[in-house]
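One structure below.
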Amino acid sequence: MNSNPQTLEEARREIDALDEQIQALISQRARIAQAIAHIKQRMGDGGDHYRPAREAEVLRRVIARNQANGGPLTDEVIARLMREIMSACLSLESPLTVAYLGPEGTYTQAAVLKHFGDSVRARANNAIDEIFRDVESGAADYGVVPVENSIGGVVSHTLDELVHTKLRICGEVTLPVHHHLLAVGGDLAAVRKIYAHPQSFAQCRKWLDAKLPHAIRETVSSNGQAALQARQEGVGVAAIASLQAARIHGLEILASNIEDDPSNTTRFLVIGKQDPAPTGEDITSIVLSGHRNQPGSLLKLLQPLANAGLDMTRIESRPIKGSAVQDYYFFIDLAGHVSTPAVRQALDEVRATAAYFKVLGSYPRAVV
Ligand SMILES: O=C(O)C(=O)C[C@]1(C(=O)O)C=C[C@@H](O)C=C1
């Protein structure tokens with residue numbers, strides 16, 4: 001085939017031929033995925049064919065090949081295309097229901113699409129605890145909840161739920177957060193009122209002070225809700241929300257990327273009943289508490305992790321509700337999978353000295 005077309009006709013002929021091959025290959029891939037689903041059924045996997053570890057491996061290979069080939073598509077774009085192919089293949093046999101923090105148009109919905117692709121049934125819920133209940137009861141196969149924002153800090157509701165649930169963390173999603181000012185129409189000068197989630201107001205404060213110092217700022221429960229209200233109230237009322245919210249609610253973008261810190265990122269967790277297999281690039285999340293009134297208790301508790309040379313990537317504390325003296329749960333992420341001897345052994349040692357200890361999950365590190 002000519003790889004250096006000189007005319008539009010030649011180039012389009014090449015694209016038509018490639019499209020034919022790509023389509024045939026995608027169909028062939030889908031048939032093999034169907035065969036895999038039947039094999040899994042025979043093995044008795046209970047109908048949940050989703051395999052986060054396998055998907056992470058496929059995506060990592062896609063990105064490695066993209067980098068070796070020098071693009072020209074970005075890693076994010078090529079991974080998204082492959083993610084959609086996998087999502088469509090999986091949905092042929094068992095479409096997943098994924099509960100997320102709604103309403104439609106929230107960043108959590110964007111995280112669902114980024115992680116599971118467009119072929120899942122995404123189910124909007126009003127509160128983080130409802131998402132946990134939906135997955136526990138089987139009303140949803142998986143849930144996606146926000147856990148931390150690089151500016152706003154931890155989402156304490158999610159941490160509190162993790163302590164008590166029997167569900168496991170099966171994956172993580174990291175999403176760069178870009179805020180946009182949306183309205184049904186008009187221009188910046190017409191904006192007299194802005195709806196947003198309190199965190200979004202905090203993250204766009206400098207921009208708002210400079211560009212819209214006189215507009216009334218009214219907080220609502222989510223960015224999706226903000227977009228909905230801007231839609232209902234019309235010209236002069238704006239919302240801070242995502243591009244997706246703009247699409248869903250038919251709003252125009254009055255200003256893009258209005259966040260004060262362009263590196264703003266939110267981390268989400270995928271919760272479910274599955275323990276993903278190791279991939280070689282995994283995170284293990286645990287929660288623990290020490291015995292009261294023991295000086296240096298946290299240091300002693302964590303010593304086995306240091307002795308095993310395990311890389312602790314995150315530590316957060318939350319007060320234990322209802323304890324008279326101030327006691328804390330510590331949420332710790334470390335690099336590695338609980339099925340590897342070094343991690344298992346170190347965690348057994350930690351468990352032996354902790355007042356409370358639970359593995360929240362071992363799951364693949366986010367790929368893109
Ligand atoms: O390899 C599998 O186990 C499959 O089911 C196939 C496949 C894919 O399309 O690549 C689909 C869904 C799973 O989550 C992982 C991978």
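Just so we're on the same page: first chain in the structure tokens is A, next is B, and so on; residues restart at 1 for each chain, and ligands are numbered from 1 in the order they show up.
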Range 220-285 of chain A near range 207-215 of chain A within 12 Å: what's each residue's closest atom pair and its distance in Å to one decimal, counting only C-alpha atoms, ordered by chain then ascending residue number, as JSON lines?
{"residue": "A:Gly236", "atom": "CA", "partner": "A:Ala215", "partner_atom": "CA", "distance": 9.5}
{"residue": "A:Val237", "atom": "CA", "partner": "A:Ala215", "partner_atom": "CA", "distance": 9.2}
{"residue": "A:Ala238", "atom": "CA", "partner": "A:Ala215", "partner_atom": "CA", "distance": 9.6}
{"residue": "A:Ala239", "atom": "CA", "partner": "A:Ala215", "partner_atom": "CA", "distance": 11.5}
{"residue": "A:Ile240", "atom": "CA", "partner": "A:Leu208", "partner_atom": "CA", "distance": 10.5}
{"residue": "A:Leu254", "atom": "CA", "partner": "A:Lys211", "partner_atom": "CA", "distance": 11.7}
{"residue": "A:Ala255", "atom": "CA", "partner": "A:Lys211", "partner_atom": "CA", "distance": 10.3}
{"residue": "A:Ser256", "atom": "CA", "partner": "A:Trp207", "partner_atom": "CA", "distance": 11.0}
{"residue": "A:Asn257", "atom": "CA", "partner": "A:Trp207", "partner_atom": "CA", "distance": 9.8}
{"residue": "A:Ile258", "atom": "CA", "partner": "A:Trp207", "partner_atom": "CA", "distance": 6.2}
{"residue": "A:Glu259", "atom": "CA", "partner": "A:Trp207", "partner_atom": "CA", "distance": 7.2}
{"residue": "A:Asp260", "atom": "CA", "partner": "A:Trp207", "partner_atom": "CA", "distance": 6.6}
{"residue": "A:Asp261", "atom": "CA", "partner": "A:Trp207", "partner_atom": "CA", "distance": 10.4}
key: Distance filter 8 Å around ligand 1, atoms: only C-alpha atoms and all ligand atoms, out as a list in words   = Arg29, Ala30, Ile32, Ala33, Gln34, Ile36, Ala37, Lys40, His49, Tyr50, Arg51, Pro52, Ala53, Arg54, Glu55, Val58, Ile85, Met86, Ser87, Ala88, Cys89 and Leu90 of chain A
Could you take the residues named above and write them with N, CA and C atoms, as a PDB file, in the first residue's frame?
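Writing the result to result-v4.pdb gives the following:
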ATOM      1  N   ARG A  29     -11.988  -9.335  17.128  1.00  0.00           N
ATOM      2  CA  ARG A  29     -11.646  -9.194  18.550  1.00  0.00           C
ATOM      3  C   ARG A  29     -12.895  -9.384  19.421  1.00  0.00           C
ATOM      4  N   ALA A  30     -14.007  -8.801  18.962  1.00  0.00           N
ATOM      5  CA  ALA A  30     -15.257  -8.904  19.732  1.00  0.00           C
ATOM      6  C   ALA A  30     -15.714 -10.354  19.817  1.00  0.00           C
ATOM      7  N   ILE A  32     -13.781 -12.978  19.774  1.00  0.00           N
ATOM      8  CA  ILE A  32     -12.902 -13.673  20.735  1.00  0.00           C
ATOM      9  C   ILE A  32     -13.294 -13.307  22.162  1.00  0.00           C
ATOM     10  N   ALA A  33     -13.646 -12.026  22.385  1.00  0.00           N
ATOM     11  CA  ALA A  33     -14.077 -11.616  23.735  1.00  0.00           C
ATOM     12  C   ALA A  33     -15.343 -12.385  24.131  1.00  0.00           C
ATOM     13  N   GLN A  34     -16.238 -12.627  23.143  1.00  0.00           N
ATOM     14  CA  GLN A  34     -17.445 -13.432  23.440  1.00  0.00           C
ATOM     15  C   GLN A  34     -17.051 -14.855  23.831  1.00  0.00           C
ATOM     16  N   ILE A  36     -14.261 -15.725  25.199  1.00  0.00           N
ATOM     17  CA  ILE A  36     -13.680 -15.649  26.556  1.00  0.00           C
ATOM     18  C   ILE A  36     -14.803 -15.643  27.601  1.00  0.00           C
ATOM     19  N   ALA A  37     -15.867 -14.883  27.288  1.00  0.00           N
ATOM     20  CA  ALA A  37     -16.990 -14.802  28.240  1.00  0.00           C
ATOM     21  C   ALA A  37     -17.592 -16.184  28.464  1.00  0.00           C
ATOM     22  N   LYS A  40     -15.306 -18.173  30.649  1.00  0.00           N
ATOM     23  CA  LYS A  40     -15.415 -17.743  32.056  1.00  0.00           C
ATOM     24  C   LYS A  40     -16.699 -18.299  32.687  1.00  0.00           C
ATOM     25  N   HIS A  49     -17.713 -10.596  34.077  1.00  0.00           N
ATOM     26  CA  HIS A  49     -16.572 -10.883  33.202  1.00  0.00           C
ATOM     27  C   HIS A  49     -15.516  -9.781  33.222  1.00  0.00           C
ATOM     28  N   TYR A  50     -15.788  -8.727  33.958  1.00  0.00           N
ATOM     29  CA  TYR A  50     -14.852  -7.590  34.010  1.00  0.00           C
ATOM     30  C   TYR A  50     -13.551  -8.005  34.713  1.00  0.00           C
ATOM     31  N   ARG A  51     -12.409  -7.680  34.099  1.00  0.00           N
ATOM     32  CA  ARG A  51     -11.112  -8.044  34.674  1.00  0.00           C
ATOM     33  C   ARG A  51     -10.200  -6.813  34.687  1.00  0.00           C
ATOM     34  N   PRO A  52     -10.225  -6.061  35.796  1.00  0.00           N
ATOM     35  CA  PRO A  52      -9.451  -4.815  35.832  1.00  0.00           C
ATOM     36  C   PRO A  52      -7.957  -5.012  35.587  1.00  0.00           C
ATOM     37  N   ALA A  53      -7.406  -6.121  36.078  1.00  0.00           N
ATOM     38  CA  ALA A  53      -5.965  -6.341  35.910  1.00  0.00           C
ATOM     39  C   ALA A  53      -5.627  -6.536  34.431  1.00  0.00           C
ATOM     40  N   ARG A  54      -6.435  -7.348  33.761  1.00  0.00           N
ATOM     41  CA  ARG A  54      -6.206  -7.613  32.337  1.00  0.00           C
ATOM     42  C   ARG A  54      -6.346  -6.306  31.523  1.00  0.00           C
ATOM     43  N   GLU A  55      -7.361  -5.519  31.852  1.00  0.00           N
ATOM     44  CA  GLU A  55      -7.566  -4.269  31.123  1.00  0.00           C
ATOM     45  C   GLU A  55      -6.382  -3.322  31.310  1.00  0.00           C
ATOM     46  N   VAL A  58      -3.574  -4.550  29.113  1.00  0.00           N
ATOM     47  CA  VAL A  58      -3.815  -4.237  27.691  1.00  0.00           C
ATOM     48  C   VAL A  58      -3.499  -2.759  27.431  1.00  0.00           C
ATOM     49  N   ILE A  85     -13.049   0.095  22.818  1.00  0.00           N
ATOM     50  CA  ILE A  85     -13.176  -1.213  22.159  1.00  0.00           C
ATOM     51  C   ILE A  85     -13.395  -2.291  23.222  1.00  0.00           C
ATOM     52  N   MET A  86     -12.601  -2.236  24.309  1.00  0.00           N
ATOM     53  CA  MET A  86     -12.768  -3.234  25.380  1.00  0.00           C
ATOM     54  C   MET A  86     -14.140  -3.107  26.033  1.00  0.00           C
ATOM     55  N   SER A  87     -14.564  -1.872  26.234  1.00  0.00           N
ATOM     56  CA  SER A  87     -15.852  -1.616  26.866  1.00  0.00           C
ATOM     57  C   SER A  87     -16.980  -2.228  26.023  1.00  0.00           C
ATOM     58  N   ALA A  88     -16.890  -2.036  24.703  1.00  0.00           N
ATOM     59  CA  ALA A  88     -17.916  -2.579  23.801  1.00  0.00           C
ATOM     60  C   ALA A  88     -17.864  -4.102  23.791  1.00  0.00           C
ATOM     61  N   CYS A  89     -16.642  -4.663  23.810  1.00  0.00           N
ATOM     62  CA  CYS A  89     -16.492  -6.131  23.813  1.00  0.00           C
ATOM     63  C   CYS A  89     -17.112  -6.710  25.083  1.00  0.00           C
ATOM     64  N   LEU A  90     -16.828  -6.089  26.218  1.00  0.00           N
ATOM     65  CA  LEU A  90     -17.335  -6.594  27.501  1.00  0.00           C
ATOM     66  C   LEU A  90     -18.862  -6.514  27.543  1.00  0.00           C
TER      67      LEU A  90
END
Check which residues of range 144-177 of chain A sit at most 12 Å from range 116-123 of chain A using only C-alpha atoms, and return one row each with the closest pair of atoms and their distance in Å to one decimal, ordered by chain and rising number, as a tab-separated table.
residue	atom	partner	partner_atom	distance
A:Val144	CA	A:Ala122	CA	9.8
A:Gly171	CA	A:Phe116	CA	10.7
A:Glu172	CA	A:Phe116	CA	11.3
A:Val173	CA	A:Phe116	CA	10.0
Residue selection dump (N, CA and C atoms) as an mmCIF file, in the first residue's frame:
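Output (again.cif):
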data_model
loop_
_atom_site.group_PDB
_atom_site.id
_atom_site.type_symbol
_atom_site.label_atom_id
_atom_site.label_comp_id
_atom_site.auth_asym_id
_atom_site.auth_seq_id
_atom_site.Cartn_x
_atom_site.Cartn_y
_atom_site.Cartn_z
ATOM 1 N N VAL A 144 -18.150 4.110 41.598
ATOM 2 C CA VAL A 144 -17.007 5.026 41.470
ATOM 3 C C VAL A 144 -17.247 6.205 42.406
ATOM 4 N N GLY A 171 -9.920 -0.605 41.810
ATOM 5 C CA GLY A 171 -9.212 0.200 40.824
ATOM 6 C C GLY A 171 -9.171 1.652 41.254
ATOM 7 N N GLU A 172 -8.342 2.439 40.555
ATOM 8 C CA GLU A 172 -8.299 3.883 40.796
ATOM 9 C C GLU A 172 -8.382 4.587 39.455
ATOM 10 N N VAL A 173 -8.911 5.790 39.477
ATOM 11 C CA VAL A 173 -8.994 6.617 38.268
ATOM 12 C C VAL A 173 -8.479 7.998 38.656
#
key: Shell around range 346-350 of chain A at 7 Å using only C-alpha atoms, local window under 6 positions removed, as a PyMOL selection string   = chain A and resi 301-302+304-305+308
task = Take CA of Leu251 in chain A and CA of Ala183 in chain A and report the distance between them in Å, one decimal.
result = 5.2 Å
key: Proximity to Thr279 in chain A - best of A:Arg231, A:His337, A:Arg344, A:His178, only C-alpha atoms   = A:His337
ask   = Taking into account only C-alpha atoms, which residue in the set A:Ala352, A:Lys321, A:Ala277, A:Ile22 is nearest to Ser339 in chain A?
value =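 Checking each of A:Ala352, A:Lys321, A:Ala277, A:Ile22 against Ser339 in chain A, counting only C-alpha atoms, the winner is A:Ala277.
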Determine, using only C-alpha atoms, which residues of range 174-207 of chain A have any atom at most 12 Å from an atom of range 149-165 of chain A, and tabulate each with its shortest atom pair and distance in Å to one decimal place, rows ordered by chain and then rising number, as a tab-separated table.
residue	atom	partner	partner_atom	distance
A:Thr174	CA	A:Asn149	CA	9.6
A:Leu175	CA	A:Asn149	CA	9.5
A:Pro176	CA	A:Ser150	CA	9.7
A:Val177	CA	A:Asn149	CA	9.0
A:His197	CA	A:Gly152	CA	11.6
A:Pro198	CA	A:Gly152	CA	9.8
A:Gln199	CA	A:Gly152	CA	6.4
A:Ser200	CA	A:Gly152	CA	9.0
A:Phe201	CA	A:Gly152	CA	10.7
A:Ala202	CA	A:Gly152	CA	8.1
A:Gln203	CA	A:Ile151	CA	7.3
A:Cys204	CA	A:Ile151	CA	10.9
